[in-house]
file coords04.cif (mmCIF, C-alpha atoms)
data_start
loop_
_atom_site.group_PDB
_atom_site.id
_atom_site.type_symbol
_atom_site.label_atom_id
_atom_site.label_comp_id
_atom_site.auth_asym_id
_atom_site.auth_seq_id
_atom_site.Cartn_x
_atom_site.Cartn_y
_atom_site.Cartn_z
ATOM 1 C CA MET A 1 13.014 7.546 -30.882
ATOM 2 C CA ALA A 2 14.991 9.640 -28.387
ATOM 3 C CA GLU A 3 16.070 7.992 -25.177
ATOM 4 C CA PRO A 4 14.347 9.410 -22.033
ATOM 5 C CA ARG A 5 16.571 12.079 -20.485
ATOM 6 C CA GLY A 6 16.444 10.381 -17.088
ATOM 7 C CA GLY A 7 17.554 7.088 -18.600
ATOM 8 C CA GLY A 8 14.517 5.087 -17.494
ATOM 9 C CA LYS A 9 11.049 5.210 -16.020
ATOM 10 C CA GLY A 10 9.890 8.477 -14.502
ATOM 11 C CA ARG A 11 9.764 8.747 -10.731
ATOM 12 C CA VAL A 12 8.283 11.072 -8.113
ATOM 13 C CA VAL A 13 9.607 11.065 -4.547
ATOM 14 C CA PHE A 14 7.468 12.797 -1.940
ATOM 15 C CA VAL A 15 9.945 14.125 0.606
ATOM 16 C CA GLY A 16 9.117 15.125 4.165
ATOM 17 C CA ALA A 17 11.140 18.266 4.892
ATOM 18 C CA GLY A 18 10.418 18.290 8.618
ATOM 19 C CA PRO A 19 9.159 21.261 10.633
ATOM 20 C CA GLY A 20 11.580 23.866 9.319
ATOM 21 C CA ALA A 21 15.259 23.604 10.206
ATOM 22 C CA ALA A 22 17.129 22.111 7.254
ATOM 23 C CA ASP A 23 19.290 19.953 9.519
ATOM 24 C CA LEU A 24 16.148 18.070 10.599
ATOM 25 C CA LEU A 25 15.974 16.494 7.134
ATOM 26 C CA THR A 26 16.678 12.782 7.187
ATOM 27 C CA PHE A 27 19.673 11.435 5.252
ATOM 28 C CA ARG A 28 17.204 9.745 2.882
ATOM 29 C CA ALA A 29 15.390 13.024 2.286
ATOM 30 C CA ALA A 30 18.646 14.812 1.472
ATOM 31 C CA ARG A 31 19.693 12.035 -0.928
ATOM 32 C CA SER A 32 16.303 12.141 -2.651
ATOM 33 C CA ILE A 33 16.551 15.893 -3.230
ATOM 34 C CA ALA A 34 20.140 15.534 -4.493
ATOM 35 C CA ALA A 35 19.105 12.896 -7.041
ATOM 36 C CA ALA A 36 16.182 14.851 -8.503
ATOM 37 C CA ASP A 37 16.039 16.452 -11.932
ATOM 38 C CA VAL A 38 13.115 18.618 -10.786
ATOM 39 C CA VAL A 39 12.609 19.849 -7.213
ATOM 40 C CA ILE A 40 9.148 21.158 -6.324
ATOM 41 C CA TRP A 41 8.835 22.963 -3.017
ATOM 42 C CA ALA A 42 6.527 25.502 -1.351
ATOM 43 C CA ALA A 43 8.431 28.629 -0.317
ATOM 44 C CA SER A 44 5.619 29.511 2.087
ATOM 45 C CA LEU A 45 6.056 26.295 4.099
ATOM 46 C CA VAL A 46 9.561 24.902 3.563
ATOM 47 C CA HIS A 47 12.858 26.484 4.628
ATOM 48 C CA PRO A 48 14.967 27.485 1.583
ATOM 49 C CA ASP A 49 18.089 25.870 3.054
ATOM 50 C CA VAL A 50 16.743 22.445 2.042
ATOM 51 C CA LEU A 51 17.443 23.439 -1.569
ATOM 52 C CA GLU A 52 21.171 23.342 -0.839
ATOM 53 C CA HIS A 53 20.918 19.586 -1.373
ATOM 54 C CA ALA A 54 19.656 20.010 -4.960
ATOM 55 C CA LYS A 55 22.147 19.409 -7.767
ATOM 56 C CA PRO A 56 23.297 22.515 -9.670
ATOM 57 C CA ASP A 57 21.353 21.754 -12.852
ATOM 58 C CA ALA A 58 18.110 20.749 -11.129
ATOM 59 C CA GLU A 59 14.981 22.648 -12.114
ATOM 60 C CA ILE A 60 13.588 24.373 -9.000
ATOM 61 C CA VAL A 61 9.841 25.038 -8.922
ATOM 62 C CA ASP A 62 8.054 27.021 -6.213
ATOM 63 C CA SER A 63 4.593 25.502 -5.807
ATOM 64 C CA ALA A 64 3.328 28.077 -3.299
ATOM 65 C CA ARG A 65 1.103 29.718 -5.926
ATOM 66 C CA LEU A 66 0.302 26.585 -7.917
ATOM 67 C CA PRO A 67 -2.864 24.491 -7.627
ATOM 68 C CA MET A 68 -2.662 20.753 -8.270
ATOM 69 C CA GLU A 69 -3.209 21.454 -11.982
ATOM 70 C CA GLY A 70 -0.035 23.547 -11.961
ATOM 71 C CA VAL A 71 2.052 20.708 -10.514
ATOM 72 C CA LEU A 72 0.703 17.857 -12.659
ATOM 73 C CA PRO A 73 2.533 18.988 -15.852
ATOM 74 C CA TYR A 74 5.849 18.320 -14.099
ATOM 75 C CA TYR A 75 4.714 14.796 -13.273
ATOM 76 C CA GLU A 76 3.622 14.334 -16.883
ATOM 77 C CA ARG A 77 7.076 15.453 -18.069
ATOM 78 C CA ALA A 78 8.683 13.039 -15.637
ATOM 79 C CA ALA A 79 6.642 10.201 -17.135
ATOM 80 C CA ALA A 80 7.430 11.238 -20.725
ATOM 81 C CA GLU A 81 11.136 11.971 -20.257
ATOM 82 C CA GLY A 82 12.132 9.526 -17.523
ATOM 83 C CA LEU A 83 12.850 12.269 -14.995
ATOM 84 C CA THR A 84 13.005 12.095 -11.223
ATOM 85 C CA VAL A 85 10.946 14.672 -9.335
ATOM 86 C CA ALA A 86 11.407 15.460 -5.633
ATOM 87 C CA ARG A 87 8.157 16.893 -4.307
ATOM 88 C CA ILE A 88 9.039 18.466 -0.948
ATOM 89 C CA HIS A 89 6.355 18.625 1.720
ATOM 90 C CA SER A 90 6.580 20.423 5.050
ATOM 91 C CA GLY A 91 6.571 18.200 8.127
ATOM 92 C CA ASP A 92 5.576 14.633 7.329
ATOM 93 C CA PRO A 93 3.768 14.029 4.025
ATOM 94 C CA ALA A 94 1.327 11.621 5.689
ATOM 95 C CA LEU A 95 -0.230 14.427 7.754
ATOM 96 C CA TRP A 96 -2.342 17.038 5.932
ATOM 97 C CA GLY A 97 -0.005 16.871 2.938
ATOM 98 C CA ALA A 98 -2.529 16.373 0.091
ATOM 99 C CA LEU A 99 -0.400 13.299 -0.557
ATOM 100 C CA GLN A 100 -2.928 10.668 -1.526
ATOM 101 C CA GLU A 101 -4.432 12.566 -4.443
ATOM 102 C CA GLN A 102 -0.949 13.102 -5.878
ATOM 103 C CA LEU A 103 0.010 9.461 -5.458
ATOM 104 C CA ASP A 104 -3.172 8.436 -7.268
ATOM 105 C CA ARG A 105 -2.367 10.748 -10.191
ATOM 106 C CA CYS A 106 1.228 9.518 -10.385
ATOM 107 C CA LYS A 107 0.125 5.873 -10.431
ATOM 108 C CA ALA A 108 -2.315 6.666 -13.246
ATOM 109 C CA MET A 109 0.582 8.172 -15.249
ATOM 110 C CA GLY A 110 2.687 5.046 -14.755
ATOM 111 C CA LEU A 111 5.249 6.790 -12.563
ATOM 112 C CA ASP A 112 7.232 5.065 -9.860
ATOM 113 C CA THR A 113 6.667 6.691 -6.481
ATOM 114 C CA GLU A 114 8.287 6.766 -3.065
ATOM 115 C CA VAL A 115 7.385 8.549 0.165
ATOM 116 C CA VAL A 116 10.152 9.702 2.516
ATOM 117 C CA PRO A 117 8.829 10.430 6.025
ATOM 118 C CA GLY A 118 9.694 13.649 7.802
ATOM 119 C CA VAL A 119 9.788 14.960 11.366
ATOM 120 C CA SER A 120 6.341 16.330 12.208
ATOM 121 C CA SER A 121 5.918 19.676 13.945
ATOM 122 C CA PHE A 122 4.259 17.997 16.916
ATOM 123 C CA SER A 123 7.461 16.024 17.544
ATOM 124 C CA ALA A 124 9.551 19.172 17.102
ATOM 125 C CA ALA A 125 7.330 21.068 19.559
ATOM 126 C CA ALA A 126 7.666 18.323 22.175
ATOM 127 C CA ALA A 127 11.434 18.391 21.686
ATOM 128 C CA ALA A 128 11.527 22.185 22.009
ATOM 129 C CA VAL A 129 9.975 22.025 25.481
ATOM 130 C CA GLU A 130 11.763 18.772 26.364
ATOM 131 C CA ARG A 131 8.604 16.866 27.192
ATOM 132 C CA GLU A 132 7.579 13.252 26.675
ATOM 133 C CA LEU A 133 4.010 13.088 25.367
ATOM 134 C CA THR A 134 3.324 9.595 26.724
ATOM 135 C CA ILE A 135 4.048 9.597 30.461
ATOM 136 C CA PRO A 136 3.298 6.229 32.133
ATOM 137 C CA GLU A 137 0.061 6.300 34.147
ATOM 138 C CA VAL A 138 -0.697 9.837 32.868
ATOM 139 C CA ALA A 139 -1.080 9.627 29.074
ATOM 140 C CA GLN A 140 -0.367 6.719 26.771
ATOM 141 C CA SER A 141 -1.940 8.070 23.594
ATOM 142 C CA VAL A 142 -1.433 11.088 21.344
ATOM 143 C CA VAL A 143 -4.345 12.396 19.274
ATOM 144 C CA LEU A 144 -3.387 14.308 16.120
ATOM 145 C CA THR A 145 -6.299 16.337 14.810
ATOM 146 C CA ARG A 146 -7.580 19.753 13.767
ATOM 147 C CA LEU A 147 -10.523 21.976 14.534
ATOM 148 C CA GLY A 148 -13.633 21.367 12.450
ATOM 149 C CA GLY A 149 -14.993 23.880 9.988
ATOM 150 C CA GLY A 150 -12.693 25.927 7.818
ATOM 151 C CA LYS A 151 -11.844 24.823 4.283
ATOM 152 C CA THR A 152 -12.054 21.073 4.864
ATOM 153 C CA PRO A 153 -15.054 19.584 6.711
ATOM 154 C CA MET A 154 -14.413 17.012 9.419
ATOM 155 C CA PRO A 155 -15.886 13.505 9.127
ATOM 156 C CA PRO A 156 -18.637 12.655 11.639
ATOM 157 C CA GLY A 157 -17.344 11.756 15.089
ATOM 158 C CA GLU A 158 -14.021 13.586 14.734
ATOM 159 C CA GLU A 159 -14.876 16.757 16.632
ATOM 160 C CA VAL A 160 -12.197 18.170 18.945
ATOM 161 C CA GLY A 161 -14.582 18.003 21.900
ATOM 162 C CA GLU A 162 -15.122 14.275 21.382
ATOM 163 C CA PHE A 163 -11.387 13.577 21.254
ATOM 164 C CA ALA A 164 -10.870 15.778 24.325
ATOM 165 C CA ARG A 165 -13.027 13.410 26.386
ATOM 166 C CA HIS A 166 -10.138 10.951 26.356
ATOM 167 C CA GLY A 167 -8.114 13.395 28.486
ATOM 168 C CA THR A 168 -4.839 12.322 26.900
ATOM 169 C CA THR A 169 -2.259 14.345 24.942
ATOM 170 C CA MET A 170 -3.576 16.134 21.874
ATOM 171 C CA ALA A 171 -1.757 17.923 19.048
ATOM 172 C CA LEU A 172 -3.975 20.470 17.272
ATOM 173 C CA PHE A 173 -2.934 21.414 13.745
ATOM 174 C CA LEU A 174 -4.460 24.063 11.454
ATOM 175 C CA SER A 175 -6.564 25.555 14.246
ATOM 176 C CA ALA A 176 -4.794 28.718 15.410
ATOM 177 C CA ALA A 177 -7.015 31.146 13.493
ATOM 178 C CA ARG A 178 -10.003 30.097 15.647
ATOM 179 C CA SER A 179 -8.332 29.956 19.032
ATOM 180 C CA ALA A 180 -11.440 30.911 21.042
ATOM 181 C CA ARG A 181 -13.443 28.081 19.524
ATOM 182 C CA LEU A 182 -10.528 25.701 20.013
ATOM 183 C CA GLN A 183 -10.323 26.592 23.702
ATOM 184 C CA ASP A 184 -14.083 26.196 24.139
ATOM 185 C CA GLU A 185 -14.192 22.766 22.496
ATOM 186 C CA LEU A 186 -11.265 21.494 24.572
ATOM 187 C CA LEU A 187 -12.912 22.727 27.780
ATOM 188 C CA ASP A 188 -16.320 21.380 26.782
ATOM 189 C CA GLY A 189 -14.672 18.021 26.104
ATOM 190 C CA GLY A 190 -13.563 17.775 29.716
ATOM 191 C CA TYR A 191 -10.069 19.187 30.067
ATOM 192 C CA PRO A 192 -9.796 21.341 33.235
ATOM 193 C CA GLU A 193 -8.924 25.014 32.791
ATOM 194 C CA ASP A 194 -5.478 24.454 34.315
ATOM 195 C CA THR A 195 -4.523 21.772 31.764
ATOM 196 C CA PRO A 196 -1.051 22.672 30.456
ATOM 197 C CA CYS A 197 -0.702 23.781 26.827
ATOM 198 C CA VAL A 198 2.245 24.447 24.540
ATOM 199 C CA ILE A 199 1.809 26.892 21.660
ATOM 200 C CA ALA A 200 4.483 26.429 18.998
ATOM 201 C CA TYR A 201 4.846 28.914 16.140
ATOM 202 C CA ARG A 202 7.182 27.904 13.276
ATOM 203 C CA VAL A 203 9.010 25.531 15.575
ATOM 204 C CA SER A 204 12.700 25.035 14.596
ATOM 205 C CA TRP A 205 12.667 28.105 12.286
ATOM 206 C CA PRO A 206 14.871 31.127 13.157
ATOM 207 C CA ASP A 207 11.774 33.061 14.283
ATOM 208 C CA GLU A 208 10.407 30.194 16.377
ATOM 209 C CA LEU A 209 8.137 31.142 19.267
ATOM 210 C CA VAL A 210 7.151 28.578 21.908
ATOM 211 C CA VAL A 211 4.835 29.654 24.721
ATOM 212 C CA ARG A 212 3.364 27.709 27.644
ATOM 213 C CA CYS A 213 0.019 28.523 29.209
ATOM 214 C CA ALA A 214 -2.982 26.965 30.919
ATOM 215 C CA LEU A 215 -5.903 25.926 28.720
ATOM 216 C CA GLY A 216 -8.097 28.630 30.243
ATOM 217 C CA GLU A 217 -5.649 31.216 28.858
ATOM 218 C CA LEU A 218 -5.083 29.605 25.449
ATOM 219 C CA ALA A 219 -7.108 31.970 23.266
ATOM 220 C CA ALA A 220 -5.920 35.114 25.052
ATOM 221 C CA THR A 221 -2.286 33.991 24.811
ATOM 222 C CA MET A 222 -2.518 33.241 21.102
ATOM 223 C CA LYS A 223 -4.223 36.560 20.392
ATOM 224 C CA ALA A 224 -1.663 38.447 22.475
ATOM 225 C CA HIS A 225 1.121 36.995 20.314
ATOM 226 C CA ARG A 226 -0.937 37.402 17.119
ATOM 227 C CA LEU A 227 -0.631 33.749 16.225
ATOM 228 C CA TRP A 228 -3.080 32.643 13.558
ATOM 229 C CA LYS A 229 -1.102 30.428 11.193
ATOM 230 C CA HIS A 230 1.986 28.175 11.191
ATOM 231 C CA THR A 231 1.045 27.406 14.806
ATOM 232 C CA LEU A 232 0.574 24.066 16.554
ATOM 233 C CA VAL A 233 -1.013 23.540 19.975
ATOM 234 C CA LEU A 234 -0.167 20.677 22.329
ATOM 235 C CA VAL A 235 -2.508 20.077 25.246
ATOM 236 C CA GLY A 236 -2.729 17.480 27.997
ATOM 237 C CA PRO A 237 -1.580 16.568 31.495
ATOM 238 C CA ALA A 238 1.621 14.913 30.255
ATOM 239 C CA LEU A 239 3.015 18.362 29.435
ATOM 240 C CA ALA A 240 3.543 19.060 33.127
ATOM 241 C CA ALA A 241 3.597 15.621 34.783
ATOM 242 C CA GLY A 242 6.737 14.299 36.403
ATOM 243 C CA GLY A 243 8.206 11.129 34.982
ATOM 244 C CA THR A 244 6.843 7.958 36.555
ATOM 245 C CA ARG A 245 8.881 4.778 36.546
ATOM 246 C CA SER A 246 8.755 2.978 33.207
ATOM 247 C CA HIS A 247 8.440 -0.800 33.451
ATOM 248 C CA LEU A 248 10.619 -1.183 30.368
ATOM 249 C CA TYR A 249 13.761 -0.081 32.243
ATOM 250 C CA HIS A 250 12.746 -1.413 35.644
ATOM 251 C CA PRO A 251 15.225 -4.012 36.954
ATOM 252 C CA GLY A 252 12.244 -6.288 37.596
ATOM 253 C CA HIS A 253 11.218 -6.305 33.950
ATOM 254 C CA PHE A 254 12.623 -8.935 31.617
ATOM 255 C CA HIS A 255 12.736 -9.419 27.862
ATOM 256 C CA GLU A 256 14.729 -11.454 25.368
ATOM 257 C CA HIS A 257 17.890 -9.398 25.959
ATOM 258 C CA ARG A 258 17.779 -9.010 29.734
ATOM 259 C CA ARG A 259 16.900 -11.067 32.804
ATOM 260 C CA ALA A 260 14.912 -9.619 35.671
ATOM 261 C CA GLU A 261 16.440 -9.247 39.121
ATOM 262 C CA PRO A 262 14.381 -11.569 41.387
ATOM 263 C CA ALA A 263 13.843 -9.091 44.248
ATOM 264 C CA ALA A 264 12.961 -6.268 41.869
ATOM 265 C CA ARG A 265 10.626 -8.610 40.003
ATOM 266 C CA ARG A 266 8.742 -9.369 43.224
ATOM 267 C CA ARG A 267 8.416 -5.658 44.035
ATOM 268 C CA LEU A 268 7.128 -4.949 40.546
ATOM 269 C CA ARG A 269 4.489 -7.701 40.851
ATOM 270 C CA GLU A 270 3.409 -6.371 44.248
ATOM 271 C CA ALA A 271 3.058 -2.859 42.819
ATOM 272 C CA ARG A 272 0.942 -4.124 39.943
ATOM 273 C CA SER A 273 -1.412 -6.060 42.221
ATOM 274 C CA SER A 274 -1.865 -3.274 44.785
#

call {"tool": "encode", "arguments": {"input": "coords04.cif", "output": "structure tokens"}}
result
Amino acid sequence: MAEPRGGGKGRVVFVGAGPGAADLLTFRAARSIAAADVVIWAASLVHPDVLEHAKPDAEIVDSARLPMEGVLPYYERAAAEGLTVARIHSGDPALWGALQEQLDRCKAMGLDTEVVPGVSSFSAAAAAVERELTIPEVAQSVVLTRLGGGKTPMPPGEEVGEFARHGTTMALFLSAARSARLQDELLDGGYPEDTPCVIAYRVSWPDELVVRCALGELAATMKAHRLWKHTLVLVGPALAAGGTRSHLYHPGHFHEHRRAEPAARRRLREARSS
């Protein structure tokens, strides 16, 4: 019986490619692509520069036009021949990456699997506008969600308007094509019309477009720029709030690596009790 070409058990590594720019790949992601016998990527979502990490004899497969049934034969070959497959996902595979169904299929085939996290577009958008999404005393949570309807129904209780009632920072994925409805649901949920928004199109790509506006102008701004896909929206008061003093770096705060200054500690306690 012939020895498996890969020299062992087949393996599929799901690699987060980040938001676009190839230099936002992690070192682990680059190593995983370099070690693969087969590299599967979606040309419609992933920057081609990430393929520079693939070895010269790797088989490169564009999955942009393939359904799941078109990808599974490569996993089956990996199981039969002991190959390593790098399945490249845009952003982070854990977010809207159709990851779980692929992991389940790979496990059923007896393949080893690994997931390599990637930089999500919401992090890249925050970096592009140089904003912290969790400002002390303003917003301490980030809600990642999408508008209901469309191709995938939302579970009960996960409507944008319900999340908006929290008034914290939200990142809206896969919602740009229905910008008027998105604006209405955010307003109906309780955000004021002047709530700051960031609209990020293909953030970190060469044709990146990042626009700021007030929530009351969100739909008009997106339509003016003809943004209907590859677009993320950040919304919330933290996008314009000034930085308040973090307790973590306050001289009155202590932890296992640092002692508190007594006078600063007293001031911090007084501020907390007032």

call {"tool": "closest_residue", "arguments": {"input": "coords04.cif", "among": "A:Leu24, A:Ile199, A:Val46, A:Ala80", "to": "Ala126 (chain A)", "atoms": "all atoms listed in the file"}}
result
A:Ile199

call {"tool": "closest_residue", "arguments": {"input": "coords04.cif", "among": "A:Ile135, A:Ala17, A:Leu215, A:Ala64", "to": "Gly190 (chain A)", "atoms": "all atoms listed in the file"}}
result
A:Leu215

call {"tool": "resolve_selection", "arguments": {"input": "coords04.cif", "expression": "the PyMOL selection byres ((chain A and resi 234-238) around 7)", "output": "VMD selection string"}}
result
chain A and resid 133 to 135 138 to 139 167 to 172 195 to 199 232 to 233 239 to 241

call {"tool": "closest_residue", "arguments": {"input": "coords04.cif", "among": "A:Ala180, A:Ala128, A:Ser90, A:Asp37", "to": "Asp57 (chain A)", "atoms": "all atoms listed in the file"}}
result
A:Asp37

call {"tool": "residues_around", "arguments": {"input": "coords04.cif", "residues": "region 27-30 of chain A", "least_positions_apart": "3", "cutoff": "12 Å", "atoms": "all atoms listed in the file", "output": "tab-separated table (two decimals) with C-alpha atoms, in the coordinates of the input"}}
result
chain	number	residue	atom	x	y	z
A	13	VAL	CA	9.61	11.06	-4.55
A	14	PHE	CA	7.47	12.80	-1.94
A	15	VAL	CA	9.94	14.12	0.61
A	16	GLY	CA	9.12	15.12	4.16
A	17	ALA	CA	11.14	18.27	4.89
A	18	GLY	CA	10.42	18.29	8.62
A	22	ALA	CA	17.13	22.11	7.25
A	23	ASP	CA	19.29	19.95	9.52
A	24	LEU	CA	16.15	18.07	10.60
A	33	ILE	CA	16.55	15.89	-3.23
A	34	ALA	CA	20.14	15.53	-4.49
A	35	ALA	CA	19.10	12.90	-7.04
A	36	ALA	CA	16.18	14.85	-8.50
A	39	VAL	CA	12.61	19.85	-7.21
A	49	ASP	CA	18.09	25.87	3.05
A	50	VAL	CA	16.74	22.44	2.04
A	51	LEU	CA	17.44	23.44	-1.57
A	52	GLU	CA	21.17	23.34	-0.84
A	53	HIS	CA	20.92	19.59	-1.37
A	54	ALA	CA	19.66	20.01	-4.96
A	55	LYS	CA	22.15	19.41	-7.77
A	86	ALA	CA	11.41	15.46	-5.63
A	87	ARG	CA	8.16	16.89	-4.31
A	88	ILE	CA	9.04	18.47	-0.95
A	89	HIS	CA	6.36	18.62	1.72
A	90	SER	CA	6.58	20.42	5.05
A	91	GLY	CA	6.57	18.20	8.13
A	92	ASP	CA	5.58	14.63	7.33
A	93	PRO	CA	3.77	14.03	4.03
A	114	GLU	CA	8.29	6.77	-3.06
A	115	VAL	CA	7.38	8.55	0.16
A	116	VAL	CA	10.15	9.70	2.52
A	117	PRO	CA	8.83	10.43	6.02
A	118	GLY	CA	9.69	13.65	7.80
A	119	VAL	CA	9.79	14.96	11.37

call {"tool": "residues_around", "arguments": {"input": "coords04.cif", "residues": "region 8-11 of chain A", "least_positions_apart": "3", "cutoff": "6 Å", "atoms": "only C-alpha atoms", "output": "JSON, numbers by chain"}}
result
{"A": [78, 79, 82, 83, 84, 111, 112, 113]}

call {"tool": "atom_distance", "arguments": {"input": "coords04.cif", "atom1": "CA of Arg178 (chain A)", "atom2": "CA of Leu147 (chain A)"}}
result
8.2 Å

call {"tool": "atom_distance", "arguments": {"input": "coords04.cif", "atom1": "CA of Glu208 (chain A)", "atom2": "CA of Leu45 (chain A)"}}
result
13.6 Å
